[in-house]
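Heads up, model_2.cif below (mmCIF, C-alpha atoms and all ligand atoms):
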data_start
#
loop_
_atom_site.label_atom_id
_atom_site.label_comp_id
_atom_site.auth_asym_id
_atom_site.auth_seq_id
_atom_site.Cartn_x
_atom_site.Cartn_y
_atom_site.Cartn_z
CA MET A 1 2.46 -20.21 74.44
CA LYS A 2 5.24 -17.98 73.12
CA ASP A 3 7.84 -20.77 73.47
CA ARG A 4 5.53 -23.26 71.85
CA ILE A 5 5.00 -20.96 68.81
CA GLU A 6 8.72 -20.29 68.51
CA ALA A 7 9.43 -24.03 68.53
CA LEU A 8 6.77 -24.65 65.90
CA THR A 9 8.07 -21.80 63.74
CA ALA A 10 11.55 -23.32 63.86
CA SER A 11 10.39 -26.85 63.03
CA PHE A 12 8.16 -25.52 60.20
CA GLY A 13 11.15 -23.67 58.73
CA ALA A 14 13.28 -26.84 58.86
CA SER A 15 10.57 -29.01 57.26
CA LEU A 16 9.85 -26.42 54.54
CA ALA A 17 13.51 -26.39 53.55
CA GLU A 18 13.28 -30.10 52.85
CA VAL A 19 10.09 -29.97 50.76
CA ALA A 20 10.98 -31.14 47.24
CA ASP A 21 7.65 -31.27 45.44
CA LEU A 22 4.05 -30.12 45.54
CA ASP A 23 2.82 -33.31 47.25
CA ALA A 24 5.26 -32.86 50.14
CA LEU A 25 4.24 -29.21 50.43
CA GLU A 26 0.58 -30.20 50.69
CA ALA A 27 1.41 -32.71 53.44
CA LEU A 28 3.24 -29.99 55.36
CA ARG A 29 0.29 -27.62 54.95
CA VAL A 30 -2.06 -30.24 56.41
CA GLU A 31 0.36 -30.88 59.28
CA TYR A 32 0.37 -27.21 60.29
CA LEU A 33 -2.86 -25.64 59.03
CA GLY A 34 -5.16 -28.70 58.66
CA LYS A 35 -8.14 -29.44 60.89
CA ARG A 36 -6.09 -31.59 63.24
CA GLY A 37 -2.89 -29.66 62.72
CA HIS A 38 -0.63 -27.60 64.96
CA LEU A 39 -2.62 -24.41 64.45
CA THR A 40 -5.80 -26.05 65.77
CA GLU A 41 -3.82 -27.33 68.77
CA LEU A 42 -2.57 -23.83 69.51
CA MET A 43 -6.13 -22.45 69.35
CA LYS A 44 -7.30 -25.12 71.78
CA GLY A 45 -4.42 -24.15 74.13
CA LEU A 46 -5.82 -20.59 74.32
CA ARG A 47 -8.26 -21.87 76.99
CA ASP A 48 -5.50 -22.18 79.57
CA VAL A 49 -3.79 -18.85 78.84
CA ALA A 50 -4.34 -15.78 80.99
CA ASP A 51 -3.60 -13.02 78.38
CA LYS A 52 -5.82 -14.38 75.62
CA LYS A 53 -5.52 -11.24 73.47
CA ALA A 54 -1.72 -11.28 73.28
CA ALA A 55 -1.65 -15.06 72.73
CA GLY A 56 -4.33 -14.79 70.02
CA GLN A 57 -2.24 -12.19 68.18
CA LEU A 58 0.82 -14.44 68.35
CA ILE A 59 -1.15 -17.39 66.97
CA ASN A 60 -2.54 -15.24 64.19
CA SER A 61 0.82 -13.93 63.07
CA PHE A 62 2.16 -17.51 63.13
CA LYS A 63 -0.74 -18.56 60.85
CA VAL A 64 -0.19 -15.66 58.43
CA ASP A 65 3.53 -16.39 58.32
CA VAL A 66 3.03 -20.13 57.61
CA GLU A 67 0.42 -19.43 54.90
CA ALA A 68 2.65 -16.88 53.16
CA LYS A 69 5.68 -19.21 53.16
CA ILE A 70 3.63 -22.09 51.79
CA ALA A 71 2.21 -19.89 48.97
CA GLU A 72 5.68 -18.63 48.10
CA ARG A 73 7.11 -22.18 47.94
CA GLU A 74 4.13 -23.35 45.88
CA THR A 75 4.79 -20.74 43.17
CA ALA A 76 8.46 -21.70 43.07
CA LEU A 77 7.65 -25.41 42.78
CA TYR A 78 5.19 -24.79 39.89
CA GLU A 79 7.82 -22.86 37.98
CA GLU A 80 10.37 -25.61 38.53
CA ALA A 81 7.89 -28.26 37.30
CA ILE A 82 7.16 -26.33 34.07
CA ASN A 83 10.83 -25.66 33.40
CA ALA A 84 11.61 -29.35 33.88
CA GLN A 85 8.85 -30.22 31.40
CA ILE A 86 10.28 -27.81 28.81
CA ARG A 87 13.77 -29.25 29.31
CA ARG A 88 12.43 -32.79 28.84
CA ALA A 89 10.63 -31.92 25.57
CA LYS A 90 13.31 -32.50 22.89
CA LYS A 91 11.66 -30.28 20.28
CA TYR A 92 9.52 -27.22 20.82
CA ASN A 93 6.03 -28.50 21.49
CA PRO A 94 3.53 -25.68 21.93
CA THR A 95 0.83 -28.02 23.19
CA LEU A 96 2.79 -29.37 26.21
CA THR A 97 0.26 -31.07 28.45
CA PHE A 98 -2.75 -29.76 26.51
CA PRO A 99 -2.89 -31.89 23.33
CA ARG A 100 -5.06 -30.37 20.63
CA GLU A 101 -6.92 -32.19 17.86
CA MET A 102 -4.93 -33.03 14.74
CA GLY A 103 -5.85 -31.21 11.52
CA SER A 104 -6.49 -32.80 8.13
CA TYR A 105 -5.43 -32.28 4.53
CA HIS A 106 -7.77 -30.33 2.29
CA PRO A 107 -9.49 -32.56 -0.30
CA ILE A 108 -7.90 -30.50 -3.11
CA THR A 109 -4.46 -31.25 -1.66
CA LEU A 110 -5.30 -34.95 -1.52
CA ALA A 111 -6.59 -35.02 -5.11
CA THR A 112 -3.57 -33.02 -6.35
CA ARG A 113 -1.10 -35.40 -4.75
CA GLU A 114 -2.88 -38.41 -6.12
CA VAL A 115 -2.89 -37.12 -9.72
CA GLU A 116 0.70 -35.91 -9.38
CA ALA A 117 1.84 -39.38 -8.34
CA ILE A 118 0.12 -40.95 -11.36
CA PHE A 119 1.70 -38.54 -13.85
CA GLU A 120 5.07 -38.72 -12.14
CA SER A 121 5.04 -42.50 -12.68
CA MET A 122 4.47 -41.78 -16.39
CA GLY A 123 7.56 -39.57 -16.57
CA PHE A 124 5.99 -36.11 -16.16
CA THR A 125 7.71 -33.39 -14.10
CA ILE A 126 5.66 -31.27 -11.71
CA GLU A 127 5.92 -27.52 -12.12
CA ASN A 128 4.88 -24.67 -9.89
CA TYR A 129 3.69 -21.39 -11.39
CA ALA A 130 2.59 -17.94 -10.26
CA GLU A 131 -1.01 -16.97 -9.54
CA ILE A 132 -0.45 -13.39 -10.72
CA VAL A 133 0.49 -13.29 -14.40
CA GLY A 134 0.54 -10.92 -17.35
CA ASP A 135 -1.85 -10.60 -20.29
CA TYR A 136 0.80 -12.14 -22.53
CA GLU A 137 1.09 -15.43 -20.61
CA CYS A 138 -2.60 -15.79 -19.88
CA PHE A 139 -3.90 -14.89 -23.34
CA GLU A 140 -1.62 -13.65 -26.10
CA ALA A 141 0.93 -16.47 -25.94
CA LEU A 142 -2.02 -18.86 -26.13
CA ASN A 143 -3.28 -17.56 -29.46
CA ILE A 144 -5.90 -15.33 -27.79
CA PRO A 145 -5.14 -11.83 -29.07
CA LYS A 146 -6.69 -8.70 -27.57
CA HIS A 147 -10.43 -8.43 -28.29
CA HIS A 148 -10.71 -12.15 -29.12
CA PRO A 149 -14.21 -13.35 -28.11
CA ALA A 150 -12.66 -16.27 -26.15
CA ARG A 151 -11.68 -13.68 -23.53
CA ASP A 152 -15.35 -13.17 -22.65
CA MET A 153 -15.42 -16.55 -20.94
CA GLN A 154 -12.44 -15.67 -18.79
CA ASP A 155 -13.08 -12.35 -17.12
CA THR A 156 -10.90 -12.07 -14.04
CA TYR A 157 -9.50 -9.76 -11.38
CA TYR A 158 -7.04 -7.15 -12.63
CA LEU A 159 -4.33 -5.40 -10.65
CA GLU A 160 -3.67 -1.69 -11.07
CA ASN A 161 -0.37 -2.44 -12.81
CA GLY A 162 -2.15 -4.40 -15.56
CA GLN A 163 -1.33 -7.85 -14.21
CA LEU A 164 -4.16 -10.28 -13.49
CA LEU A 165 -5.08 -13.33 -11.43
CA LYS A 166 -4.64 -16.24 -13.84
CA THR A 167 -7.88 -17.63 -15.27
CA HIS A 168 -6.42 -21.00 -16.19
CA THR A 169 -3.28 -23.05 -15.64
CA SER A 170 -2.64 -22.80 -19.39
CA ALA A 171 -1.05 -19.45 -18.48
CA ALA A 172 2.12 -21.38 -17.58
CA GLN A 173 2.44 -23.19 -20.93
CA ASN A 174 4.61 -20.56 -22.61
CA ALA A 175 7.09 -20.22 -19.73
CA ILE A 176 7.45 -23.98 -19.36
CA MET A 177 8.11 -24.51 -23.08
CA LYS A 178 10.73 -21.76 -22.91
CA LYS A 179 12.27 -23.30 -19.80
CA TYR A 180 12.61 -26.89 -21.07
CA GLY A 181 12.21 -26.87 -24.86
CA ALA A 182 11.23 -30.16 -26.55
CA PRO A 183 10.77 -33.02 -25.84
CA LEU A 184 8.71 -32.15 -22.77
CA ARG A 185 6.35 -33.84 -20.30
CA ALA A 186 5.07 -31.67 -17.50
CA ILE A 187 2.06 -31.09 -15.32
CA PHE A 188 1.37 -27.90 -13.42
CA PRO A 189 -1.40 -27.69 -10.84
CA GLY A 190 -2.59 -24.29 -9.68
CA ARG A 191 -5.24 -22.01 -8.30
CA CYS A 192 -7.32 -20.14 -10.90
CA PHE A 193 -9.68 -17.20 -10.65
CA ARG A 194 -12.66 -15.96 -12.64
CA ASN A 195 -15.27 -13.29 -12.26
CA GLU A 196 -18.06 -15.80 -11.94
CA SER A 197 -21.39 -15.98 -10.14
CA THR A 198 -21.28 -18.94 -7.80
CA ASP A 199 -23.58 -21.95 -7.61
CA ALA A 200 -23.19 -25.64 -6.71
CA CYS A 201 -20.70 -26.16 -9.58
CA HIS A 202 -19.13 -22.71 -10.16
CA GLU A 203 -16.72 -20.79 -7.96
CA ASN A 204 -14.62 -17.66 -8.50
CA THR A 205 -11.57 -19.53 -7.13
CA PHE A 206 -10.84 -23.10 -8.17
CA PHE A 207 -8.02 -25.46 -9.07
CA GLN A 208 -6.88 -26.93 -12.37
CA MET A 209 -4.04 -29.16 -13.39
CA GLU A 210 -2.52 -28.45 -16.76
CA GLY A 211 -0.48 -31.04 -18.59
CA MET A 212 1.66 -30.93 -21.71
CA MET A 213 3.45 -33.56 -23.66
CA ILE A 214 5.59 -32.51 -26.63
CA ASP A 215 7.69 -34.92 -28.66
CA GLU A 216 8.09 -36.32 -32.17
CA ASN A 217 4.98 -38.09 -33.51
CA ILE A 218 2.59 -37.21 -30.68
CA SER A 219 -1.01 -37.73 -31.78
CA ILE A 220 -4.56 -37.76 -30.43
CA SER A 221 -4.14 -41.47 -29.56
CA ASN A 222 -1.43 -40.53 -27.04
CA LEU A 223 -3.73 -37.92 -25.56
CA ILE A 224 -6.63 -40.37 -25.14
CA TYR A 225 -4.35 -43.02 -23.67
CA PHE A 226 -2.93 -40.72 -20.99
CA MET A 227 -6.32 -39.30 -20.05
CA LYS A 228 -7.98 -42.71 -19.72
CA THR A 229 -5.07 -44.17 -17.75
CA MET A 230 -5.04 -41.27 -15.32
CA LEU A 231 -8.82 -41.26 -14.72
CA SER A 232 -9.02 -45.02 -14.31
CA GLU A 233 -6.22 -44.85 -11.70
CA VAL A 234 -7.89 -42.02 -9.82
CA PHE A 235 -11.28 -43.71 -9.68
CA ASN A 236 -9.88 -47.22 -9.33
CA ARG A 237 -11.98 -48.55 -12.18
CA ASP A 238 -12.47 -48.15 -15.92
CA VAL A 239 -14.33 -44.80 -15.98
CA LYS A 240 -16.87 -43.87 -18.63
CA VAL A 241 -15.74 -40.83 -20.63
CA ARG A 242 -16.95 -39.08 -23.73
CA LEU A 243 -15.03 -36.88 -26.10
CA ARG A 244 -16.79 -33.99 -27.85
CA PRO A 245 -15.34 -31.38 -30.16
CA GLY A 246 -14.54 -28.22 -28.20
CA PHE A 247 -13.06 -24.89 -29.21
CA PHE A 248 -10.05 -23.44 -27.46
CA PRO A 249 -7.80 -21.08 -29.42
CA PHE A 250 -4.63 -22.77 -28.14
CA VAL A 251 -5.42 -26.27 -29.44
CA GLU A 252 -6.39 -27.67 -32.82
CA PRO A 253 -8.28 -29.95 -32.81
CA GLY A 254 -9.75 -29.31 -29.36
CA PHE A 255 -11.98 -31.55 -27.26
CA GLU A 256 -14.16 -31.58 -24.21
CA LEU A 257 -13.55 -34.73 -22.23
CA ASP A 258 -16.56 -35.46 -20.04
CA ILE A 259 -16.85 -38.01 -17.27
CA ASN A 260 -20.00 -39.78 -16.17
CA CYS A 261 -21.31 -37.97 -13.03
CA GLU A 262 -20.29 -40.03 -10.01
CA ILE A 263 -22.81 -38.38 -7.72
CA CYS A 264 -26.02 -39.29 -9.58
CA GLY A 265 -24.59 -42.14 -11.68
CA GLY A 266 -25.66 -40.33 -14.86
CA ASP A 267 -29.33 -39.68 -14.00
CA GLY A 268 -28.85 -35.93 -13.64
CA CYS A 269 -28.45 -33.80 -10.50
CA PRO A 270 -27.60 -30.17 -9.61
CA SER A 271 -23.87 -31.01 -9.54
CA CYS A 272 -23.92 -31.93 -13.25
CA LYS A 273 -26.59 -29.43 -14.31
CA ASN A 274 -28.93 -32.41 -14.82
CA SER A 275 -26.96 -33.70 -17.80
CA GLY A 276 -25.45 -36.82 -16.20
CA TRP A 277 -22.01 -35.69 -17.46
CA LEU A 278 -19.37 -33.40 -16.03
CA GLU A 279 -16.88 -31.50 -18.13
CA LEU A 280 -13.69 -32.62 -16.49
CA CYS A 281 -10.81 -32.31 -18.86
CA PRO A 282 -10.77 -30.11 -21.95
CA CYS A 283 -7.81 -31.02 -24.11
CA GLY A 284 -6.39 -31.02 -27.61
CA MET A 285 -3.37 -30.94 -29.88
CA ILE A 286 -1.30 -27.83 -29.15
CA HIS A 287 -1.81 -25.15 -31.81
CA PRO A 288 1.33 -24.52 -33.91
CA ASN A 289 1.14 -20.80 -33.07
CA VAL A 290 1.41 -21.68 -29.37
CA LEU A 291 4.32 -24.04 -29.96
CA ARG A 292 6.14 -21.45 -32.03
CA GLU A 293 5.56 -18.75 -29.41
CA GLY A 294 7.19 -21.12 -26.90
CA GLY A 295 10.22 -21.58 -29.17
CA ILE A 296 9.38 -25.14 -30.29
CA ASP A 297 10.25 -26.32 -33.79
CA THR A 298 6.83 -27.16 -35.30
CA GLU A 299 8.38 -29.04 -38.22
CA LYS A 300 9.77 -31.61 -35.83
CA TYR A 301 7.47 -31.65 -32.82
CA THR A 302 3.79 -31.92 -32.00
CA GLY A 303 2.12 -32.17 -28.62
CA PHE A 304 -1.03 -32.39 -26.62
CA ALA A 305 -2.27 -30.35 -23.68
CA PHE A 306 -5.06 -30.73 -21.19
CA GLY A 307 -6.62 -28.64 -18.44
CA LEU A 308 -7.95 -31.02 -15.83
CA GLY A 309 -10.56 -29.52 -13.48
CA LEU A 310 -8.96 -30.51 -10.18
CA THR A 311 -11.80 -29.10 -8.09
CA ARG A 312 -14.35 -31.00 -10.16
CA LEU A 313 -12.24 -34.11 -9.88
CA ALA A 314 -12.14 -33.81 -6.07
CA MET A 315 -15.95 -33.42 -6.07
CA MET A 316 -16.32 -36.62 -8.04
CA ARG A 317 -13.63 -38.47 -6.16
CA TYR A 318 -15.01 -37.71 -2.69
CA GLY A 319 -18.72 -37.22 -3.49
CA ILE A 320 -18.75 -33.51 -2.56
CA LYS A 321 -22.01 -32.06 -3.86
CA ASP A 322 -21.35 -28.33 -3.55
CA ILE A 323 -18.19 -26.69 -4.87
CA ARG A 324 -18.59 -23.88 -2.32
CA ASP A 325 -17.69 -26.28 0.51
CA PHE A 326 -14.04 -26.19 -0.61
CA ASN A 327 -13.46 -22.55 0.24
CA SER A 328 -15.96 -22.38 3.07
CA GLY A 329 -13.40 -23.00 5.80
CA SER A 330 -16.03 -25.17 7.46
CA LEU A 331 -14.23 -27.52 9.83
CA LYS A 332 -17.29 -29.74 9.96
CA ALA A 333 -17.00 -30.37 6.21
CA LEU A 334 -13.21 -30.52 5.97
CA SER A 335 -12.47 -32.64 9.06
CA GLN A 336 -14.10 -35.61 7.35
CA PHE A 337 -10.84 -36.05 5.42
CA LYS A 338 -8.81 -36.81 8.55
CA SER A 339 -8.54 -40.51 8.00
CA ILE A 340 -7.55 -40.30 4.31
N1 LIG X 1 -7.50 -23.48 -20.18
C1 LIG X 1 -8.82 -23.96 -20.56
C2 LIG X 1 -9.87 -23.37 -19.64
O1 LIG X 1 -9.61 -23.18 -18.49
C3 LIG X 1 -8.86 -25.45 -20.49
C4 LIG X 1 -8.02 -26.16 -21.51
C5 LIG X 1 -8.58 -26.53 -22.71
C6 LIG X 1 -6.70 -26.45 -21.27
C7 LIG X 1 -7.88 -27.22 -23.64
C8 LIG X 1 -5.95 -27.14 -22.24
C9 LIG X 1 -6.57 -27.53 -23.41
O2 LIG X 1 -4.67 -27.44 -22.05
O3 LIG X 1 -5.84 -28.21 -24.30
O4 LIG X 1 -10.94 -23.15 -20.05
#

Spit out the file's structure as structure tokens when you get a sec.
Ligand code: DAH
Amino acid sequence: MKDRIEALTASFGASLAEVADLDALEALRVEYLGKRGHLTELMKGLRDVADKKAAGQLINSFKVDVEAKIAERETALYEEAINAQIRRAKKYNPTLTFPREMGSYHPITLATREVEAIFESMGFTIENYAEIVGDYECFEALNIPKHHPARDMQDTYYLENGQLLKTHTSAAQNAIMKKYGAPLRAIFPGRCFRNESTDACHENTFFQMEGMMIDENISISNLIYFMKTMLSEVFNRDVKVRLRPGFFPFVEPGFELDINCEICGGDGCPSCKNSGWLELCPCGMIHPNVLREGGIDTEKYTGFAFGLGLTRLAMMRYGIKDIRDFNSGSLKALSQFKSI
């Protein structure tokens, strides 16, 4: 029995040294420890041995030894396999063999890109601007002095140092006029904040896209042309709009540009406060005080500005009924935009 075990130990060692992968290791395990393997043979041989106790101990230590060597080799082979996989992957790929689901763009991102592409094709540059601004940029440079009643509509979140979260993208107008001077064509999308109670069409955090065009002889006709062209491109059809007088201290004259509610087709629903219309794009001719504050020569230049409600536009564009879905972080709602 002793000789037999020694011979088997030697042949196992030789075979193990040749094992190159996990499949070969498994075959070797079956050969030695499987039901019809060498170990079972040895156990059967116990019948013919006189000192069963000593022989049993020898068989047992052979079994423990073989099991331990197989386990040790298995760990080493796993490590080798993973390292080979990492070497094969050209770039770092954190998913390796466990592919996860792909994410999707947020509908606001999609709407922003679409509108940006339209204005870019009409010669507008795209500007980025801060979310934290000063009182001057957000109000004073826009002809809204301290204690002006127009500030009531735009209560926001103030920082201890006196800065604030911008209430509208118009807060970038002054800096952009100072940066480029006239003539100027620019759009600037951005996140805006207001101290607002929320409902299906109001949120404390939302997106706007401001636009400005300043040149010689710019009039309301230019403003209407650009607005209609942009909306018709976004909705892929000639959209119904209406222009009403609107007051904003930084434009004169000022307008509210409303769009027919896409969700109810104009019949009235909670998304449009039952009016059939949605305020989408207030706009107007830039007030001379605002132009002057931005260093523009008002004798030579005029311009228009608009503040497109990007969040509202995305609601219309994609038929999203509740504005609160945008910031909800709900994957169920947002993953619907995967294929777009
Ligand atoms: N900033 C205004 C608001 O958020 C919207 C606005 C109105 C922007 C008229 C403009 C404009 O550029 O001309 O309420």

message: Give me, as a list in words, all polymer residues having an atom no more than 8 Å from A:Gly134, counting only C-alpha atoms and skipping those fewer than 3 positions away in the same chain.
response: Glu137, Cys138, Gly162, Gln163 and Leu164 of chain A

- request: For atom CA of A:Val30 and atom CA of A:Ala54, quote the distance in Å rounded to one decimal.
  value: 25.4 Å

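Using all atoms listed in the file, the nearest neighbour of ligand LIG 1 (chain X) within the list A:Gly294, A:Pro107, A:Pro282, A:Gly246 is A:Pro282.
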
query: In file coordinates, which residues lie within 7 Å of (-3.8, -7.9, -25.6) using only C-alpha atoms, given as a PyMOL selection string?
result: chain A and resi 135-136+140+145-146

task: Please extract the residues at most 7 Å from ligand LIG 1 (chain X), counting all atoms listed in the file, and provide them as a PyMOL selection string, using the chain letters and residue numbers of this document.
output: chain A and resi 167-170+210-211+248+250-251+254-255+282-286+304-307

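The residues that lie within 7 Å of the point (8.8, -35.1, -30.0), counting all atoms listed in the file, are Ala182, Pro183, Ile214, Asp215, Glu216, Asn217, Ile218, Lys300, Tyr301 and Thr302 of chain A.
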
message: What's around stretch 273-279 of chain A at 10 Å? Count all atoms listed in the file, leave out sequence neighbours fewer than 6 positions away in its own chain, and write the answer as a PyMOL selection string.
response: chain A and resi 200-201+240-243+256-267+308-309+312-313+316

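Proximity of A:Arg237, A:His106, A:Lys166, A:Lys2 to A:Glu131, computed with all atoms listed in the file, is greatest for A:Lys166.
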
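Distance check against A:Arg292 using all atoms listed in the file: of A:Lys332, A:Arg317, A:Arg185, A:Lys178, the minimum falls on A:Lys178.
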
- request: Using all atoms listed in the file, pick whichever of A:Arg87, A:Pro249, A:Arg73, A:Tyr105 has the shortest atom-to-atom distance to A:His148.
  value: A:Pro249
